[in-house]
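Engineer: Input file: protein38.cif. Contents: mmCIF, C-alpha atoms and all ligand atoms.
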data_final
#
loop_
_atom_site.label_atom_id
_atom_site.label_comp_id
_atom_site.auth_asym_id
_atom_site.auth_seq_id
_atom_site.Cartn_x
_atom_site.Cartn_y
_atom_site.Cartn_z
CA MET A 237 -5.63 171.31 118.24
CA LYS A 238 -2.80 169.14 117.05
CA PRO A 239 -2.13 166.32 119.55
CA HIS A 240 1.26 166.57 121.21
CA HIS A 241 1.89 162.88 121.35
CA ALA A 242 1.53 160.37 118.58
CA PRO A 243 -1.33 157.97 119.39
CA PRO A 244 -0.61 154.26 119.07
CA ALA A 245 -1.17 153.11 115.51
CA VAL A 246 -3.17 150.06 116.56
CA GLY A 247 -5.68 150.64 113.82
CA GLY A 248 -3.36 151.30 110.88
CA PRO A 249 -0.05 150.66 109.20
CA ASP A 250 3.18 151.53 111.00
CA PRO A 251 4.07 155.16 110.12
CA TYR A 252 7.75 154.24 109.56
CA PHE A 253 7.22 150.87 107.88
CA PRO A 254 3.86 151.09 106.12
CA ASN A 255 4.72 148.01 104.07
CA SER A 256 5.24 145.85 107.19
CA GLY A 257 2.49 143.96 108.93
CA ASP A 258 -1.25 143.77 108.42
CA HIS A 259 -3.32 145.33 111.18
CA ARG A 260 -6.50 143.56 110.08
CA TYR A 261 -5.66 140.40 112.03
CA ARG A 262 -3.54 139.44 115.02
CA VAL A 263 -1.50 136.33 115.66
CA HIS A 264 -1.38 134.68 119.06
CA ARG A 265 0.84 131.72 118.27
CA TYR A 266 3.55 130.71 115.81
CA GLU A 267 4.85 127.18 115.39
CA LEU A 268 7.97 127.17 113.24
CA ALA A 269 9.71 123.99 112.06
CA LEU A 270 13.00 124.69 110.33
CA ASP A 271 15.48 122.33 108.72
CA TYR A 272 18.70 124.25 108.21
CA ARG A 273 21.90 123.11 106.48
CA PRO A 274 24.68 125.60 107.35
CA GLY A 275 27.09 124.69 104.52
CA PRO A 276 24.77 125.43 101.59
CA ASN A 277 22.75 127.88 103.77
CA ARG A 278 19.62 125.95 102.88
CA LEU A 279 16.35 126.32 104.76
CA ALA A 280 13.31 124.06 104.40
CA ALA A 281 10.57 125.20 106.72
CA SER A 282 6.96 125.28 107.69
CA ALA A 283 5.15 127.87 109.77
CA ARG A 284 1.79 127.45 111.39
CA LEU A 285 0.13 130.62 112.70
CA SER A 286 -2.94 130.79 114.91
CA ALA A 287 -4.64 134.12 114.39
CA VAL A 288 -7.85 136.12 114.83
CA ALA A 289 -9.41 138.35 112.18
CA ASN A 290 -10.11 141.90 113.40
CA ALA A 291 -12.44 142.49 110.45
CA ALA A 292 -14.10 140.44 107.72
CA LEU A 293 -11.26 139.38 105.40
CA ALA A 294 -11.43 138.13 101.84
CA GLU A 295 -7.62 138.22 101.81
CA PHE A 296 -4.78 139.11 104.18
CA ALA A 297 -1.01 139.47 104.01
CA LEU A 298 2.02 137.98 105.74
CA ASP A 299 5.52 139.40 105.52
CA LEU A 300 7.97 136.95 103.96
CA ALA A 301 11.16 137.54 101.98
CA GLU A 302 12.12 135.66 98.83
CA PHE A 303 11.51 131.94 99.24
CA ARG A 304 10.04 129.25 97.10
CA ILE A 305 6.54 128.77 98.47
CA GLY A 306 5.13 125.26 98.66
CA ARG A 307 1.67 124.80 100.10
CA VAL A 308 -0.35 127.55 101.76
CA LEU A 309 -3.28 126.38 103.85
CA VAL A 310 -5.91 128.38 105.72
CA ASP A 311 -7.85 126.33 108.26
CA GLY A 312 -6.39 123.23 106.62
CA LYS A 313 -7.65 124.08 103.14
CA THR A 314 -5.48 125.10 100.20
CA ALA A 315 -5.51 128.86 99.72
CA ARG A 316 -4.54 130.97 96.72
CA TYR A 317 -1.69 133.40 97.14
CA THR A 318 0.64 135.85 95.45
CA HIS A 319 4.17 136.56 96.68
CA ARG A 320 5.80 139.83 95.66
CA GLY A 321 7.83 142.58 97.29
CA GLY A 322 8.10 140.76 100.61
CA LYS A 323 4.32 140.29 100.92
CA LEU A 324 2.63 136.92 100.82
CA ARG A 325 -1.00 137.82 100.04
CA ILE A 326 -3.34 134.98 100.85
CA ARG A 327 -6.90 134.50 99.67
CA PRO A 328 -8.64 131.78 101.69
CA ALA A 329 -11.12 129.50 99.91
CA LYS A 330 -13.78 131.01 102.17
CA ALA A 331 -13.63 134.60 103.43
CA LEU A 332 -12.93 135.01 107.15
CA ALA A 333 -15.61 136.57 109.35
CA ALA A 334 -14.76 139.42 111.72
CA GLY A 335 -13.61 137.92 115.01
CA ALA A 336 -13.00 134.50 113.48
CA ALA A 337 -10.07 132.43 114.72
CA PHE A 338 -8.10 130.85 111.90
CA THR A 339 -4.86 129.04 111.17
CA VAL A 340 -2.41 129.63 108.34
CA GLU A 341 0.19 127.10 107.31
CA VAL A 342 3.01 128.05 104.95
CA HIS A 343 5.65 125.66 103.57
CA TYR A 344 8.71 127.32 102.08
CA THR A 345 12.30 126.63 101.06
CA GLY A 346 15.29 128.67 99.99
CA ASN A 347 18.53 130.35 100.97
CA PRO A 348 17.73 132.82 103.73
CA ARG A 349 19.56 136.10 103.52
CA PRO A 350 19.32 139.39 105.35
CA VAL A 351 16.71 141.98 104.46
CA ARG A 352 18.43 145.10 103.11
CA SER A 353 17.93 148.27 105.14
CA PRO A 354 19.56 151.65 105.80
CA TRP A 355 21.14 150.00 108.88
CA GLY A 356 22.66 147.10 106.96
CA GLY A 357 21.35 143.56 106.61
CA LEU A 358 18.59 142.56 109.04
CA GLY A 359 17.39 139.14 110.12
CA TRP A 360 18.89 135.79 109.21
CA GLU A 361 22.62 136.02 108.74
CA GLU A 362 24.84 133.19 107.59
CA LEU A 363 28.07 132.90 109.61
CA THR A 364 31.30 131.12 108.72
CA GLU A 365 30.06 128.29 110.94
CA GLY A 366 26.31 128.53 111.47
CA ALA A 367 23.85 131.41 111.51
CA LEU A 368 22.33 134.05 113.71
CA VAL A 369 19.24 136.23 113.64
CA ALA A 370 19.15 139.95 114.51
CA SER A 371 15.92 141.39 113.13
CA GLN A 372 15.32 144.82 114.67
CA PRO A 373 13.32 146.43 113.26
CA VAL A 374 11.99 144.61 110.17
CA GLY A 375 14.24 141.58 109.58
CA ALA A 376 11.94 138.78 110.80
CA PRO A 377 10.52 138.05 107.30
CA SER A 378 14.04 137.00 106.26
CA TRP A 379 13.31 133.63 107.87
CA PHE A 380 9.63 133.18 108.69
CA PRO A 381 6.24 134.44 107.51
CA CYS A 382 4.85 136.84 110.08
CA ASN A 383 2.67 139.80 110.86
CA ASP A 384 5.70 142.00 111.30
CA ARG A 385 4.51 144.65 113.75
CA PRO A 386 6.05 145.12 117.21
CA ALA A 387 2.60 145.36 118.79
CA ASP A 388 1.41 141.99 117.49
CA LYS A 389 2.90 139.79 120.21
CA ALA A 390 2.51 136.02 120.18
CA THR A 391 3.88 132.87 121.79
CA TYR A 392 6.33 130.82 119.75
CA GLN A 393 7.45 127.26 119.34
CA VAL A 394 10.66 127.10 117.31
CA ALA A 395 11.96 123.69 116.21
CA VAL A 396 15.30 123.62 114.40
CA THR A 397 16.85 120.54 112.80
CA THR A 398 20.49 120.88 111.84
CA PRO A 399 23.65 118.74 111.72
CA SER A 400 24.39 117.31 115.18
CA PRO A 401 27.73 119.03 115.87
CA PHE A 402 25.97 122.41 116.00
CA THR A 403 24.31 123.92 119.04
CA VAL A 404 20.98 125.67 118.48
CA LEU A 405 19.69 128.39 120.75
CA SER A 406 16.34 130.14 120.57
CA GLY A 407 14.31 132.16 123.07
CA GLY A 408 12.48 130.41 125.89
CA ARG A 409 12.73 126.93 127.33
CA LEU A 410 14.37 123.99 125.56
CA LEU A 411 11.58 121.38 125.47
CA THR A 412 13.35 118.53 123.68
CA ARG A 413 16.52 117.72 121.85
CA THR A 414 16.34 114.64 119.66
CA THR A 415 19.13 113.15 117.56
CA ARG A 416 18.28 111.04 114.53
CA ALA A 417 21.00 109.88 112.13
CA SER A 418 23.41 112.84 111.84
CA SER A 419 20.88 115.57 112.63
CA THR A 420 19.52 116.94 115.89
CA THR A 421 16.19 118.67 116.40
CA TRP A 422 16.01 121.34 119.09
CA VAL A 423 12.54 122.46 120.19
CA TYR A 424 12.17 125.71 122.10
CA GLU A 425 9.00 127.11 123.64
CA GLN A 426 8.65 130.83 124.24
CA SER A 427 5.47 131.15 126.30
CA ALA A 428 5.72 134.91 126.87
CA PRO A 429 4.13 137.24 124.29
CA THR A 430 6.88 138.13 121.83
CA SER A 431 7.22 140.67 119.00
CA SER A 432 8.29 139.10 115.70
CA TYR A 433 11.52 141.14 115.55
CA LEU A 434 12.57 139.66 118.91
CA VAL A 435 12.39 136.02 117.79
CA THR A 436 15.86 134.64 117.32
CA VAL A 437 17.87 131.57 116.44
CA SER A 438 21.60 131.07 116.86
CA ILE A 439 23.35 128.11 115.31
CA GLY A 440 27.04 127.56 115.96
CA HIS A 441 29.74 125.70 117.84
CA TYR A 442 28.95 126.97 121.29
CA GLN A 443 29.80 125.85 124.76
CA PRO A 444 27.23 126.62 127.47
CA VAL A 445 28.74 128.64 130.32
CA PRO A 446 26.30 128.98 133.24
CA LEU A 447 26.74 132.14 135.27
CA ALA A 448 26.41 131.98 139.06
CA ALA A 449 22.73 131.69 139.92
CA ARG A 450 23.11 134.17 142.78
CA PRO A 451 24.72 137.57 142.89
CA ALA A 452 28.43 137.33 143.58
CA HIS A 453 28.08 140.05 146.21
CA PRO A 454 24.50 139.95 147.45
CA GLN A 455 23.27 143.20 148.92
CA ALA A 456 20.57 143.67 151.48
CA GLY A 457 17.09 144.19 150.10
CA PHE A 458 17.25 142.03 146.99
CA GLY A 459 14.18 140.00 146.18
CA ALA A 460 14.86 136.30 146.67
CA GLN A 461 13.55 135.47 143.23
CA ALA A 462 16.09 137.70 141.54
CA GLY A 463 18.96 135.29 141.99
CA HIS A 464 17.10 132.37 140.47
CA VAL A 465 16.88 133.47 136.86
CA PRO A 466 19.03 130.94 134.98
CA GLN A 467 21.69 132.85 133.03
CA THR A 468 23.80 131.01 130.51
CA GLY A 469 26.38 132.07 127.97
CA TYR A 470 26.69 130.26 124.64
CA VAL A 471 30.21 130.99 123.53
CA PRO A 472 32.98 129.57 121.36
CA GLN A 473 34.97 127.22 123.57
CA ARG A 474 38.18 129.27 123.40
CA LEU A 475 36.30 132.30 124.77
CA ALA A 476 34.60 130.53 127.69
CA GLU A 477 37.04 131.87 130.27
CA ALA A 478 36.95 135.42 128.93
CA PHE A 479 33.16 135.30 128.93
CA ALA A 480 32.96 134.02 132.52
CA ARG A 481 35.26 136.87 133.58
CA ASP A 482 33.63 139.68 131.60
CA PHE A 483 30.05 138.69 132.46
CA ALA A 484 30.80 137.79 136.09
CA ARG A 485 28.75 140.70 137.41
CA GLN A 486 25.71 140.03 135.25
CA PRO A 487 23.90 138.03 137.98
CA GLU A 488 24.39 140.98 140.32
CA MET A 489 23.11 143.26 137.57
CA MET A 490 20.08 140.99 137.15
CA ALA A 491 19.37 141.21 140.88
CA TYR A 492 19.76 145.00 140.90
CA PHE A 493 17.52 145.47 137.86
CA ALA A 494 14.92 143.13 139.37
CA GLU A 495 14.90 145.46 142.36
CA VAL A 496 14.52 148.71 140.42
CA PHE A 497 12.46 147.47 137.44
CA GLY A 498 10.57 144.65 139.18
CA PRO A 499 10.87 140.89 138.60
CA TYR A 500 12.64 139.72 135.44
CA PRO A 501 9.83 139.21 132.88
CA PHE A 502 10.99 135.90 131.39
CA GLY A 503 12.02 132.43 132.53
CA GLU A 504 15.69 132.62 131.60
CA TYR A 505 18.35 134.81 130.04
CA ALA A 506 20.87 133.57 127.51
CA VAL A 507 23.82 135.46 126.09
CA VAL A 508 25.25 134.31 122.77
CA VAL A 509 28.76 135.35 121.81
CA ALA A 510 28.83 134.71 118.07
CA ASP A 511 32.20 133.78 116.65
CA GLU A 512 32.37 137.01 114.64
CA GLU A 513 32.77 140.70 115.28
CA LEU A 514 29.40 142.48 115.37
CA ASP A 515 28.75 146.21 115.10
CA VAL A 516 26.54 146.26 118.16
CA PRO A 517 25.04 143.65 120.46
CA VAL A 518 21.36 143.01 119.86
CA GLU A 519 18.48 142.03 122.10
CA ALA A 520 15.95 139.27 121.49
CA GLN A 521 13.31 137.76 123.78
CA GLY A 522 15.22 136.20 126.69
CA VAL A 523 18.42 136.31 124.63
CA ALA A 524 21.12 138.84 123.76
CA THR A 525 23.71 138.35 121.02
CA PHE A 526 27.19 139.82 121.34
CA GLY A 527 30.25 139.63 119.07
CA THR A 528 33.78 138.58 119.97
CA ASN A 529 34.72 142.28 119.94
CA HIS A 530 32.40 142.87 122.91
CA LEU A 531 34.57 140.77 125.19
CA GLY A 532 37.56 142.32 126.94
CA GLY A 533 36.00 144.26 129.80
CA GLY A 534 36.00 147.97 130.60
CA TRP A 535 33.08 150.37 131.00
CA GLU A 536 32.31 150.67 127.26
CA ARG A 537 31.66 146.93 127.15
CA GLU A 538 30.10 146.57 130.60
CA ARG A 539 27.53 149.22 129.73
CA LEU A 540 26.45 147.08 126.76
CA ILE A 541 25.82 144.13 129.09
CA ALA A 542 23.56 146.38 131.19
CA HIS A 543 21.90 147.85 128.10
CA GLU A 544 20.98 144.49 126.57
CA LEU A 545 19.75 143.06 129.87
CA ALA A 546 17.58 146.15 130.49
CA HIS A 547 15.87 145.63 127.11
CA GLN A 548 14.27 142.50 128.55
CA TRP A 549 12.08 144.88 130.57
CA PHE A 550 12.06 147.86 128.18
CA GLY A 551 11.32 146.80 124.63
CA ASN A 552 10.78 143.08 125.10
CA SER A 553 8.26 142.90 127.95
CA VAL A 554 7.04 146.52 127.71
CA SER A 555 6.84 146.82 123.90
CA ILE A 556 6.17 149.78 121.67
CA ALA A 557 2.88 150.26 119.83
CA ASP A 558 4.77 151.31 116.71
CA TRP A 559 8.31 152.35 115.78
CA ARG A 560 7.79 156.07 116.45
CA HIS A 561 8.11 155.23 120.14
CA ILE A 562 11.55 153.60 119.83
CA TRP A 563 12.93 155.99 122.48
CA LEU A 564 10.87 154.10 125.09
CA ASN A 565 13.13 151.11 124.37
CA GLU A 566 16.44 152.88 123.91
CA GLY A 567 16.09 155.73 126.40
CA PHE A 568 15.26 153.37 129.27
CA ALA A 569 18.02 150.92 128.24
CA LYS A 570 20.49 153.82 128.10
CA TYR A 571 19.34 155.02 131.52
CA ALA A 572 19.80 151.48 132.87
CA GLU A 573 23.49 151.76 131.91
CA TRP A 574 23.77 154.88 134.03
CA LEU A 575 21.83 153.35 136.92
CA TRP A 576 24.13 150.33 136.87
CA SER A 577 27.18 152.60 136.88
CA GLU A 578 25.76 154.46 139.88
CA TYR A 579 24.98 151.22 141.72
CA ALA A 580 28.26 149.52 140.85
CA GLY A 581 30.39 152.30 142.33
CA GLY A 582 31.17 154.12 139.07
CA PRO A 583 30.08 157.64 138.14
CA GLY A 584 26.49 158.40 139.13
CA ALA A 585 23.63 158.78 136.67
CA ALA A 586 23.85 162.56 137.08
CA VAL A 587 27.48 162.49 135.91
CA HIS A 588 26.57 160.40 132.85
CA ALA A 589 23.60 162.69 132.17
CA ALA A 590 25.78 165.80 132.35
CA ALA A 591 28.26 164.22 129.91
CA ALA A 592 25.46 163.25 127.51
CA HIS A 593 24.05 166.77 127.74
CA ARG A 594 27.43 168.29 126.89
CA LEU A 595 27.77 165.88 123.97
CA LEU A 596 24.32 166.70 122.56
CA ALA A 597 24.81 170.44 123.06
CA GLY A 598 27.60 170.27 120.46
CA LEU A 599 25.61 168.27 117.89
CA PRO A 600 22.86 169.28 115.45
CA GLN A 601 19.50 169.62 117.21
CA ASP A 602 17.17 168.35 114.54
CA LEU A 603 15.87 165.24 116.23
CA ARG A 604 12.39 164.97 117.72
CA LEU A 605 12.75 162.23 120.29
CA GLY A 606 9.04 161.34 120.40
CA ASP A 607 8.81 160.86 116.62
CA PRO A 608 12.35 160.86 115.19
CA GLY A 609 11.46 159.56 111.75
CA ARG A 610 12.75 156.37 110.25
CA ARG A 611 16.10 157.89 109.26
CA LEU A 612 17.06 158.87 112.81
CA MET A 613 15.39 156.11 114.80
CA PHE A 614 18.75 154.46 115.64
CA ASP A 615 20.80 157.67 115.76
CA ASP A 616 23.11 157.80 118.78
CA ARG A 617 21.48 161.11 119.75
CA LEU A 618 18.20 159.26 120.29
CA TYR A 619 19.87 157.00 122.84
CA GLN A 620 21.58 159.89 124.65
CA ARG A 621 18.55 162.16 124.67
CA GLY A 622 16.34 159.21 125.65
CA GLY A 623 18.52 158.58 128.71
CA LEU A 624 18.49 162.30 129.47
CA THR A 625 14.69 162.42 129.28
CA VAL A 626 14.42 159.62 131.83
CA HIS A 627 16.89 161.53 134.00
CA ALA A 628 14.85 164.72 133.61
CA LEU A 629 11.82 162.74 134.83
CA ARG A 630 13.86 161.59 137.82
CA LEU A 631 14.79 165.18 138.66
CA ALA A 632 11.17 166.28 138.30
CA LEU A 633 9.72 163.49 140.44
CA GLY A 634 12.46 163.06 143.03
CA ASP A 635 14.07 159.69 143.69
CA GLY A 636 11.28 158.14 145.77
CA ALA A 637 8.49 158.83 143.29
CA PHE A 638 10.74 158.22 140.27
CA PHE A 639 11.78 154.71 141.29
CA ALA A 640 8.19 153.79 142.24
CA MET A 641 7.05 155.13 138.85
CA LEU A 642 9.78 153.20 137.02
CA ARG A 643 9.02 149.89 138.70
CA ASP A 644 5.28 150.30 138.20
CA TRP A 645 5.79 151.22 134.52
CA ALA A 646 7.46 147.88 133.93
CA GLY A 647 4.93 146.11 136.18
CA VAL A 648 1.65 147.56 134.90
CA ASN A 649 2.75 147.15 131.27
CA ARG A 650 4.44 143.77 131.71
CA HIS A 651 4.06 141.83 128.42
CA GLY A 652 2.05 144.76 127.07
CA VAL A 653 2.29 147.51 124.47
CA VAL A 654 2.82 151.23 125.13
CA ALA A 655 3.18 154.63 123.51
CA THR A 656 4.75 157.88 124.78
CA SER A 657 1.32 159.20 125.77
CA ASP A 658 0.98 156.21 128.13
CA LEU A 659 4.20 157.18 129.89
CA LEU A 660 2.98 160.76 130.36
CA ALA A 661 -0.29 159.53 131.85
CA HIS A 662 1.54 157.00 134.03
CA ALA A 663 4.27 159.33 135.33
CA SER A 664 1.71 162.07 136.04
CA ARG A 665 0.26 159.88 138.78
CA TYR A 666 3.48 160.25 140.78
CA THR A 667 3.60 164.04 141.05
CA THR A 668 1.38 167.09 141.48
CA THR A 669 3.56 169.01 138.98
CA PRO A 670 2.13 168.90 135.45
CA LEU A 671 4.57 166.91 133.29
CA GLY A 672 3.17 168.13 129.97
CA PRO A 673 5.80 170.89 129.61
CA LEU A 674 8.66 168.46 130.38
CA PHE A 675 7.40 165.95 127.78
CA GLU A 676 6.85 168.75 125.29
CA ALA A 677 10.39 170.11 125.73
CA TRP A 678 12.22 166.78 125.68
CA LEU A 679 10.09 164.79 123.24
CA GLU A 680 8.37 167.16 120.87
CA ARG A 681 10.89 169.96 120.32
CA PRO A 682 14.26 169.37 118.70
CA GLU A 683 16.17 171.99 120.80
CA LEU A 684 18.00 170.55 123.76
CA PRO A 685 16.37 171.71 127.03
CA PRO A 686 18.55 172.56 130.03
CA LEU A 687 18.95 169.69 132.47
CA THR A 688 17.01 171.06 135.42
CA GLY A 689 13.94 168.87 135.42
ZN ZN B 1 19.23 149.18 122.63
#
Would you give me this structure, written as structure tokens?
Structural biologist:
Amino acid sequence: MKPHHAPPAVGGPDPYFPNSGDHRYRVHRYELALDYRPGPNRLAASARLSAVANAALAEFALDLAEFRIGRVLVDGKTARYTHRGGKLRIRPAKALAAGAAFTVEVHYTGNPRPVRSPWGGLGWEELTEGALVASQPVGAPSWFPCNDRPADKATYQVAVTTPSPFTVLSGGRLLTRTTRASSTTWVYEQSAPTSSYLVTVSIGHYQPVPLAARPAHPQAGFGAQAGHVPQTGYVPQRLAEAFARDFARQPEMMAYFAEVFGPYPFGEYAVVVADEELDVPVEAQGVATFGTNHLGGGWERERLIAHELAHQWFGNSVSIADWRHIWLNEGFAKYAEWLWSEYAGGPGAAVHAAAAHRLLAGLPQDLRLGDPGRRLMFDDRLYQRGGLTVHALRLALGDGAFFAMLRDWAGVNRHGVVATSDLLAHASRYTTTPLGPLFEAWLERPELPPLTG
């Protein structure tokens, strides 16, 4: 019998991006040292990866876009390599044994530029003044050599040296900031396991704008820890006031999400407002990047604030095994928008769900949510139907069981990797009703089911 749900592709290439990543080893730590000159868009960098071989390896591959490669070392010894088509294939002097821990060091220089994709340029993007990184799904190799699979999560140290007037932001905690001559080195430590596409750097003229550490209007029942997540905006000075106004409710949102999804999974949350217009905001580990066009208030912008924050739980902490399961990121982030609306006194989730259902009913029904294919993985219908599927689960379970299920999903899989089949197994523990038919209708068939649970 054909399985209903795609199993996680832990043992093979990603079905949507078979050229990305190498499943024969896993990386547990990256140490990146970048020297970046914004004017000429010049990067001189080294990357040191600590990895473990899953099998005996005479050679292995890293993903890295076009750069001039200097030295490549494996366990401190010079290794041979070829570099073509975005793959840096490395042949160590001595083959690696199955289970062996090893280090790879790559020195490289060049002018980083975005990786071309059907969704536009991905990864490192030069700005008028500075740079930003938005890699989802396969843009990370535009700036560092990596095992570019969402399931291969690692800790990161990112050190960036750049002219002193610039501010540098990366995910995690700022360890040191050292100025020497006219350059400053910023060292960030991300100690939570992180997918390569969620590693980010922003370089620009930014003013830090701390948001209130506690909810502006605390409600009964909030966990005490929720208010203590440091939340800072990095915004062009002239937009500091607009940012403080438009993001004023984010601390309250953080507290509400910590209640319904469980404790915030990271040590801090930073919001960058790049000094450009961006198509859509984008999430990274502990960071979200918005454009100037996302300021100005109103529901269409407020929902994006909720969406990006929710990705810290769904996508960043609870990560997908491979890209077929993208709806687990986007459906839950979409549903978080509706939950926030309901909580914040706007239309309830049921109202948003009904509107999404009406919208989808008038559109082509050729999308399989549980395996949409690469072409449709960021289609707006995937977001809407993803939110609807979470709502259908809520209707099937009832509020009590649904919210327990939701919180436990984020808790049990915190910093982990999941597939759709894991959600079915998990949610089935919260009801005596078999959920197979619901998953089949919403995730495996393209026709839009009625919204009855
Ligand atoms: Zn999203």
Engineer: Taking all atoms listed in the file into account, which residues are within 12 Å of ligand ZN 1 (chain B), as a PyMOL selection string?
Structural biologist: chain A and resi 372-373+516-520+524-525+539-552+562-573+613-616+618-620+622-623
Engineer: Using only C-alpha atoms, which residue out of A:Thr398, A:Ser553, A:Ser577, A:Thr391 lies closest to Ala646 (chain A)?
Structural biologist: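 Closest candidate: A:Ser553.
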Engineer: Find the residues around region 656-671 of chain A up to 9 Å (all atoms listed in the file counted), leave out those fewer than 2 positions away in its own chain, and share them as a list of chain:residue names.
Structural biologist: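 After dropping sequence-adjacent residues, the list is A:His240, A:His241, A:Ala242, A:Pro243, A:Pro244, A:Ile556, A:His561, A:Trp563, A:Leu564, A:Gly606, A:Leu629, A:Ala632, A:Leu633, A:Ala637, A:Phe638, A:Ala640, A:Met641, A:Leu642, A:Asp644, A:Trp645, A:Val654, A:Pro673, A:Leu674, A:Phe675, A:Glu676, A:Leu679.
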Engineer: Would you list the contacts of region 483-485 of chain A as a ChimeraX atom specification, taking every protein, DNA or RNA residue within 9 Å and counting all atoms listed in the file, but skipping same-chain residues closer than 3 positions in sequence?
Structural biologist: /A:447-448,451-453,469,478-480,488-490,531,533,538,541
Engineer: Find the distance between CA of Val445 (chain A) and CA of Asn277 (chain A) and write it in Å to one decimal.
Structural biologist: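 About the pair CA of Val445 (chain A) and CA of Asn277 (chain A): they are 27.2 Å apart.
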Engineer: Between A:Phe639, A:Phe380, A:Phe338, A:Tyr392, which one has atoms that come closest to Glu495 (chain A), using only C-alpha atoms?
Structural biologist: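 The shortest atom-to-atom distance to Glu495 (chain A) comes from A:Phe639.
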Engineer: Would you work out the distance separating CA of Pro274 (chain A) from CA of Arg474 (chain A), expressed in Å to one decimal?
Structural biologist: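 Those two atoms sit 21.3 Å apart.
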Engineer: Between CA of Ile439 (chain A) and CA of Gly366 (chain A), what is the spacing in Å?
Structural biologist: 4.9 Å
Engineer: How would you write as an MDAnalysis selection string the residues that get within 12 Å of (18.9, 166.7, 115.0) in the file's frame, counting all atoms listed in the file?
Structural biologist: chainID A and resid 596:605 607:609 611:613 615:618 621 681:684
Engineer: Export region 600-604 of chain A from the structure block above, keeping all heavy atoms, as an mmCIF file, in the first residue's frame.
Structural biologist:
data_model
loop_
_atom_site.group_PDB
_atom_site.id
_atom_site.type_symbol
_atom_site.label_atom_id
_atom_site.label_comp_id
_atom_site.auth_asym_id
_atom_site.auth_seq_id
_atom_site.Cartn_x
_atom_site.Cartn_y
_atom_site.Cartn_z
ATOM 1 N N PRO A 600 -7.988 27.612 -8.182
ATOM 2 C CA PRO A 600 -7.725 26.245 -8.646
ATOM 3 C C PRO A 600 -7.341 25.329 -7.479
ATOM 4 O O PRO A 600 -6.600 25.742 -6.583
ATOM 5 C CB PRO A 600 -6.529 26.423 -9.595
ATOM 6 C CG PRO A 600 -6.540 27.857 -9.994
ATOM 7 C CD PRO A 600 -7.168 28.613 -8.856
ATOM 8 N N GLN A 601 -7.876 24.114 -7.500
ATOM 9 C CA GLN A 601 -7.585 23.164 -6.411
ATOM 10 C C GLN A 601 -6.657 22.074 -6.929
ATOM 11 O O GLN A 601 -7.062 20.930 -7.148
ATOM 12 C CB GLN A 601 -8.892 22.620 -5.837
ATOM 13 C CG GLN A 601 -9.633 23.724 -5.075
ATOM 14 C CD GLN A 601 -11.033 23.343 -4.649
ATOM 15 O OE1 GLN A 601 -11.306 22.172 -4.399
ATOM 16 N NE2 GLN A 601 -11.918 24.325 -4.567
ATOM 17 N N ASP A 602 -5.405 22.493 -7.127
ATOM 18 C CA ASP A 602 -4.418 21.538 -7.652
ATOM 19 C C ASP A 602 -3.200 21.477 -6.742
ATOM 20 O O ASP A 602 -2.111 21.132 -7.165
ATOM 21 C CB ASP A 602 -4.013 21.936 -9.080
ATOM 22 C CG ASP A 602 -3.389 23.324 -9.139
ATOM 23 O OD1 ASP A 602 -3.356 24.007 -8.087
ATOM 24 O OD2 ASP A 602 -2.936 23.731 -10.211
ATOM 25 N N LEU A 603 -3.399 21.835 -5.479
ATOM 26 C CA LEU A 603 -2.274 21.840 -4.559
ATOM 27 C C LEU A 603 -2.469 20.770 -3.493
ATOM 28 O O LEU A 603 -3.511 20.717 -2.842
ATOM 29 C CB LEU A 603 -2.179 23.232 -3.901
ATOM 30 C CG LEU A 603 -1.085 23.456 -2.874
ATOM 31 C CD1 LEU A 603 -0.436 24.817 -3.073
ATOM 32 C CD2 LEU A 603 -1.610 23.349 -1.454
ATOM 33 N N ARG A 604 -1.462 19.889 -3.375
ATOM 34 C CA ARG A 604 -1.475 18.911 -2.281
ATOM 35 C C ARG A 604 -0.650 19.483 -1.154
ATOM 36 O O ARG A 604 0.560 19.587 -1.247
ATOM 37 C CB ARG A 604 -0.872 17.591 -2.747
ATOM 38 C CG ARG A 604 -1.852 16.696 -3.489
ATOM 39 C CD ARG A 604 -1.166 15.423 -3.932
ATOM 40 N NE ARG A 604 -0.770 14.618 -2.767
ATOM 41 C CZ ARG A 604 0.290 13.807 -2.749
ATOM 42 N NH1 ARG A 604 1.060 13.705 -3.793
ATOM 43 N NH2 ARG A 604 0.560 13.103 -1.668
#
